[in-house]
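Q: This is query02.pdb (PDB, C-alpha atoms and all ligand atoms).
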```
ATOM      1  CA  MET J   1     -69.615  22.767 -26.483
ATOM      2  CA  ALA J   2     -69.986  24.231 -23.040
ATOM      3  CA  ASP J   3     -67.446  23.337 -20.367
ATOM      4  CA  ASN J   4     -69.927  21.522 -18.149
ATOM      5  CA  TRP J   5     -70.783  19.039 -20.900
ATOM      6  CA  THR J   6     -67.131  18.561 -21.807
ATOM      7  CA  ASN J   7     -66.307  17.896 -18.161
ATOM      8  CA  LEU J   8     -69.133  15.383 -17.908
ATOM      9  CA  GLU J   9     -67.946  13.601 -21.040
ATOM     10  CA  HIS J  10     -64.443  13.469 -19.637
ATOM     11  CA  LYS J  11     -65.564  12.211 -16.215
ATOM     12  CA  TYR J  12     -67.471   9.290 -17.728
ATOM     13  CA  SER J  13     -65.192   8.689 -20.717
ATOM     14  CA  HIS J  14     -64.806   5.032 -19.648
ATOM     15  CA  ILE J  15     -68.414   4.251 -20.536
ATOM     16  CA  PHE J  16     -68.321   5.962 -23.938
ATOM     17  CA  GLU J  17     -67.219   3.698 -26.765
ATOM     18  CA  ARG J  18     -66.669   6.596 -29.151
ATOM     19  CA  ASN J  19     -63.108   7.294 -30.199
ATOM     20  CA  LYS J  20     -61.965  10.741 -29.052
ATOM     21  CA  ASP J  21     -60.890  11.664 -32.594
ATOM     22  CA  TYR J  22     -64.330  10.919 -33.911
ATOM     23  CA  GLY J  23     -66.096  13.715 -32.072
ATOM     24  CA  HIS J  24     -68.052  14.292 -28.922
ATOM     25  CA  ALA J  25     -70.002  11.470 -27.331
ATOM     26  CA  ILE J  26     -72.406  14.005 -25.907
ATOM     27  CA  GLU J  27     -73.706  15.913 -28.879
ATOM     28  CA  LEU J  28     -75.601  18.599 -27.038
ATOM     29  CA  ILE J  29     -75.126  22.320 -27.098
ATOM     30  CA  THR J  30     -75.454  25.036 -24.492
ATOM     31  CA  PHE J  31     -79.137  25.252 -25.257
ATOM     32  CA  HIS J  32     -79.700  21.907 -23.574
ATOM     33  CA  ASP J  33     -78.342  22.841 -20.151
ATOM     34  CA  GLY J  34     -81.802  22.126 -18.712
ATOM     35  CA  TRP J  35     -81.078  18.449 -19.275
ATOM     36  CA  PHE J  36     -77.717  18.467 -17.563
ATOM     37  CA  ASN J  37     -78.984  16.859 -14.359
ATOM     38  CA  ILE J  38     -80.791  14.129 -16.290
ATOM     39  CA  VAL J  39     -77.687  13.198 -18.273
ATOM     40  CA  GLN J  40     -75.391  13.471 -15.262
ATOM     41  CA  THR J  41     -77.628  11.211 -13.166
ATOM     42  CA  LEU J  42     -77.983   8.728 -16.020
ATOM     43  CA  LEU J  43     -74.216   8.483 -16.508
ATOM     44  CA  GLU J  44     -73.660   8.120 -12.771
ATOM     45  CA  GLU J  45     -76.131   5.223 -12.602
ATOM     46  CA  LEU J  46     -74.829   3.564 -15.793
ATOM     47  CA  SER J  47     -71.259   3.768 -14.558
ATOM     48  CA  ASN J  48     -72.251   1.442 -11.713
ATOM     49  CA  ILE J  49     -73.355  -1.263 -14.147
ATOM     50  CA  GLN J  50     -70.604  -3.408 -15.565
ATOM     51  CA  GLY J  51     -70.263  -3.640 -19.348
ATOM     52  CA  VAL J  52     -72.369  -0.634 -20.257
ATOM     53  CA  LYS J  53     -71.097   1.324 -23.258
ATOM     54  CA  ILE J  54     -72.726   4.410 -24.713
ATOM     55  CA  ASN J  55     -72.116   5.409 -28.317
ATOM     56  CA  LEU J  56     -73.806   8.785 -28.458
ATOM     57  CA  ILE J  57     -76.080  11.026 -26.441
ATOM     58  CA  LYS J  58     -77.905  13.545 -28.571
ATOM     59  CA  GLU J  59     -81.138  15.425 -29.124
ATOM     60  CA  LYS J  60     -83.748  14.319 -31.653
ATOM     61  CA  TRP J  61     -87.331  15.499 -32.128
ATOM     62  CA  GLY J  62     -87.123  17.568 -28.966
ATOM     63  CA  CYS J  63     -85.932  14.907 -26.573
ATOM     64  CA  LEU J  64     -82.832  13.024 -25.551
ATOM     65  CA  ARG J  65     -81.708   9.998 -27.525
ATOM     66  CA  ILE J  66     -79.190   7.601 -26.060
ATOM     67  CA  GLN J  67     -77.500   5.374 -28.607
ATOM     68  CA  THR J  68     -75.875   2.271 -27.310
ATOM     69  CA  HIS J  69     -74.813  -1.002 -28.846
ATOM     70  CA  THR J  70     -73.666  -2.818 -25.780
ATOM     71  CA  VAL J  71     -76.164  -2.049 -23.060
ATOM     72  CA  GLN J  72     -76.851  -5.374 -21.431
ATOM     73  CA  GLY J  73     -79.686  -6.093 -19.110
ATOM     74  CA  ASP J  74     -82.991  -4.566 -18.281
ATOM     75  CA  VAL J  75     -81.768  -2.062 -15.712
ATOM     76  CA  ALA J  76     -79.433  -0.168 -18.054
ATOM     77  CA  ARG J  77     -82.004  -0.199 -20.820
ATOM     78  CA  ALA J  78     -84.702   1.055 -18.461
ATOM     79  CA  LEU J  79     -82.457   3.860 -17.195
ATOM     80  CA  CYS J  80     -81.849   5.084 -20.757
ATOM     81  CA  SER J  81     -85.581   4.940 -21.572
ATOM     82  CA  PHE J  82     -86.394   6.782 -18.384
ATOM     83  CA  ALA J  83     -83.917   9.568 -19.195
ATOM     84  CA  GLU J  84     -85.349   9.894 -22.702
ATOM     85  CA  LYS J  85     -88.920  10.069 -21.402
ATOM     86  CA  LEU J  86     -87.976  12.527 -18.673
ATOM     87  CA  SER J  87     -86.365  14.843 -21.243
ATOM     88  CA  GLU J  88     -89.696  15.066 -23.097
ATOM     89  CA  LYS J  89     -91.170  16.677 -20.000
ATOM     90  CA  THR J  90     -88.180  18.778 -18.943
ATOM     91  CA  CYS J  91     -87.428  22.205 -20.404
ATOM     92  CA  SER J  92     -84.130  21.792 -22.271
ATOM     93  CA  LYS J  93     -83.273  25.395 -21.522
ATOM     94  CA  CYS J  94     -83.893  25.729 -17.773
ATOM     95  CA  GLY J  95     -84.766  22.279 -16.417
ATOM     96  CA  LYS J  96     -88.282  23.095 -15.198
ATOM     97  CA  ALA J  97     -91.341  21.087 -16.231
ATOM     98  CA  GLY J  98     -91.992  21.500 -19.937
ATOM     99  CA  THR J  99     -93.548  19.955 -23.005
ATOM    100  CA  ILE J 100     -92.396  19.368 -26.563
ATOM    101  CA  GLN J 101     -93.367  22.265 -28.807
ATOM    102  CA  ASN J 102     -92.907  22.843 -32.518
ATOM    103  CA  ILE J 103     -91.102  26.149 -32.842
ATOM    104  CA  GLY J 104     -90.485  27.185 -36.414
ATOM    105  CA  GLY J 105     -90.231  23.569 -37.524
ATOM    106  CA  TYR J 106     -87.956  22.495 -34.676
ATOM    107  CA  TYR J 107     -89.220  20.315 -31.873
ATOM    108  CA  ILE J 108     -88.040  21.586 -28.524
ATOM    109  CA  ALA J 109     -88.863  20.525 -24.974
ATOM    110  CA  ILE J 110     -89.548  23.870 -23.367
ATOM    111  CA  CYS J 111     -91.452  25.445 -20.468
ATOM    112  CA  SER J 112     -94.045  28.207 -20.615
ATOM    113  CA  ASP J 113     -91.546  30.806 -19.330
ATOM    114  CA  CYS J 114     -88.716  30.018 -21.748
ATOM    115  CA  ILE J 115     -91.020  29.894 -24.752
ATOM    116  CA  LYS J 116     -91.708  33.615 -24.264
ATOM    117  CA  ASN J 117     -88.026  34.487 -24.588
TER     118      ASN J 117
HETATM  119 ZN    ZN J 201     -87.613  26.731 -19.280
END
```
What does this structure look like when you write it as structure tokens?
Ligand SMILES: [Zn+2]

A:
Amino acid sequence: MADNWTNLEHKYSHIFERNKDYGHAIELITFHDGWFNIVQTLLEELSNIQGVKINLIKEKWGCLRIQTHTVQGDVARALCSFAEKLSEKTCSKCGKAGTIQNIGGYYIAICSDCIKN
């Protein structure tokens, strides 16, 4: 996993409930750097809400999925939903506006420029 994601996971380790030995709490690869700002902003906002615990942040069907067992209250839940929705419309490669495309059987949120490469 790229350094920037590892650093982010470390910075917000207090809101991840996952045991360090069990694997990464952010299960994204370098390919998803276009979502870095979304995830960073989400974690920053969630860290201000008491009692929020995130189990896993990953990609599924071309967009972000935030798994949590202990999110309490409408604000935290809404923030997670917002981040997931935003990822559907954000190129996972570069961060520009994109849409979910089926590329060789894989769903990827991608922009018109990145899809050419
Ligand atoms: Zn792009």

Q: List the residues matched by the PyMOL selection byres (((chain J and resi 13-17) around 9) and not hetatm) in the displayed structure as a PyMOL selection string, ordered by chain and then by residue number.

A: chain J and resi 8-12+18-19+25+43+46-47+51-56+68

Q: Since we have the selection now, will you write its residues out, keeping C-alpha atoms, as a PDB file, keeping the file's coordinate frame?

A:
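Here's the written file out_29.pdb:
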```pdb
ATOM      1  CA  LEU J   8     -69.133  15.383 -17.908  1.00  0.00           C
ATOM      2  CA  GLU J   9     -67.946  13.601 -21.040  1.00  0.00           C
ATOM      3  CA  HIS J  10     -64.443  13.469 -19.637  1.00  0.00           C
ATOM      4  CA  LYS J  11     -65.564  12.211 -16.215  1.00  0.00           C
ATOM      5  CA  TYR J  12     -67.471   9.290 -17.728  1.00  0.00           C
ATOM      6  CA  ARG J  18     -66.669   6.596 -29.151  1.00  0.00           C
ATOM      7  CA  ASN J  19     -63.108   7.294 -30.199  1.00  0.00           C
ATOM      8  CA  ALA J  25     -70.002  11.470 -27.331  1.00  0.00           C
ATOM      9  CA  LEU J  43     -74.216   8.483 -16.508  1.00  0.00           C
ATOM     10  CA  LEU J  46     -74.829   3.564 -15.793  1.00  0.00           C
ATOM     11  CA  SER J  47     -71.259   3.768 -14.558  1.00  0.00           C
ATOM     12  CA  GLY J  51     -70.263  -3.640 -19.348  1.00  0.00           C
ATOM     13  CA  VAL J  52     -72.369  -0.634 -20.257  1.00  0.00           C
ATOM     14  CA  LYS J  53     -71.097   1.324 -23.258  1.00  0.00           C
ATOM     15  CA  ILE J  54     -72.726   4.410 -24.713  1.00  0.00           C
ATOM     16  CA  ASN J  55     -72.116   5.409 -28.317  1.00  0.00           C
ATOM     17  CA  LEU J  56     -73.806   8.785 -28.458  1.00  0.00           C
ATOM     18  CA  THR J  68     -75.875   2.271 -27.310  1.00  0.00           C
TER      19      THR J  68
END
```

Q: At a cut-off of 10 Å around ligand ZN 201 (chain J), and using all atoms listed in the file, what residues come up? Please write them as a PyMOL selection string.

A: chain J and resi 34+90-99+109-117

Q: Would you put the residues from that selection into a file with C-alpha atoms, as a compact mmCIF listing (two decimals), keeping the file's coordinate frame?

A:
```txt
# COMPACT_ATOMS: atom_id res chain seq x y z
CA GLY J 34 -81.80 22.13 -18.71
CA THR J 90 -88.18 18.78 -18.94
CA CYS J 91 -87.43 22.20 -20.40
CA SER J 92 -84.13 21.79 -22.27
CA LYS J 93 -83.27 25.40 -21.52
CA CYS J 94 -83.89 25.73 -17.77
CA GLY J 95 -84.77 22.28 -16.42
CA LYS J 96 -88.28 23.10 -15.20
CA ALA J 97 -91.34 21.09 -16.23
CA GLY J 98 -91.99 21.50 -19.94
CA THR J 99 -93.55 19.95 -23.00
CA ALA J 109 -88.86 20.52 -24.97
CA ILE J 110 -89.55 23.87 -23.37
CA CYS J 111 -91.45 25.44 -20.47
CA SER J 112 -94.04 28.21 -20.62
CA ASP J 113 -91.55 30.81 -19.33
CA CYS J 114 -88.72 30.02 -21.75
CA ILE J 115 -91.02 29.89 -24.75
CA LYS J 116 -91.71 33.62 -24.26
CA ASN J 117 -88.03 34.49 -24.59
```

Q: Could you name the residues that touch Leu64 in chain J at 10 Å or less, counting all atoms listed in the file, but leaving out those on the same chain fewer than 3 positions away, as number ranges by chain?

A: J: 28, 32, 35, 38-39, 57-61, 67, 80-81, 83-88, 92, 109

Q: Could you work out how far CA of Ile66 in chain J lies from CA of Leu42 in chain J, giving the answer in Å with one decimal?

A: 10.2 Å

Q: Quick one: distance from CA of Gln101 in chain J to CA of Ile26 in chain J in Å, one decimal?

A: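 Taking CA of Gln101 in chain J as the start and CA of Ile26 in chain J as the end point, the length is 22.7 Å.
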
Q: Pick out the residues sitting within 9 Å of Ile49 in chain J, and hand them over as a PyMOL selection string; count only C-alpha atoms, and ignore anything fewer than 4 positions along from it in its own chain.

A: chain J and resi 45+75-76

Q: Keeping only C-alpha atoms, write the selected residues to a file as a PDB file, keeping the file's coordinate frame.

A:
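Output (selection11.pdb):
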```pdb
ATOM      1  CA  GLU J  45     -76.131   5.223 -12.602  1.00  0.00           C
ATOM      2  CA  VAL J  75     -81.768  -2.062 -15.712  1.00  0.00           C
ATOM      3  CA  ALA J  76     -79.433  -0.168 -18.054  1.00  0.00           C
TER       4      ALA J  76
END
```

Q: To one decimal place in Å, what is the distance between CA of Gly62 in chain J and CA of Asn102 in chain J?

A: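 Taking CA of Gly62 in chain J as the start and CA of Asn102 in chain J as the end point, the length is 8.6 Å.
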
Q: Could you check the closest approach to Glu27 in chain J for each of J:Gln50, J:Arg65, J:Asn7, J:Arg77 and tell me which residue wins, using all atoms listed in the file?

A: J:Arg65
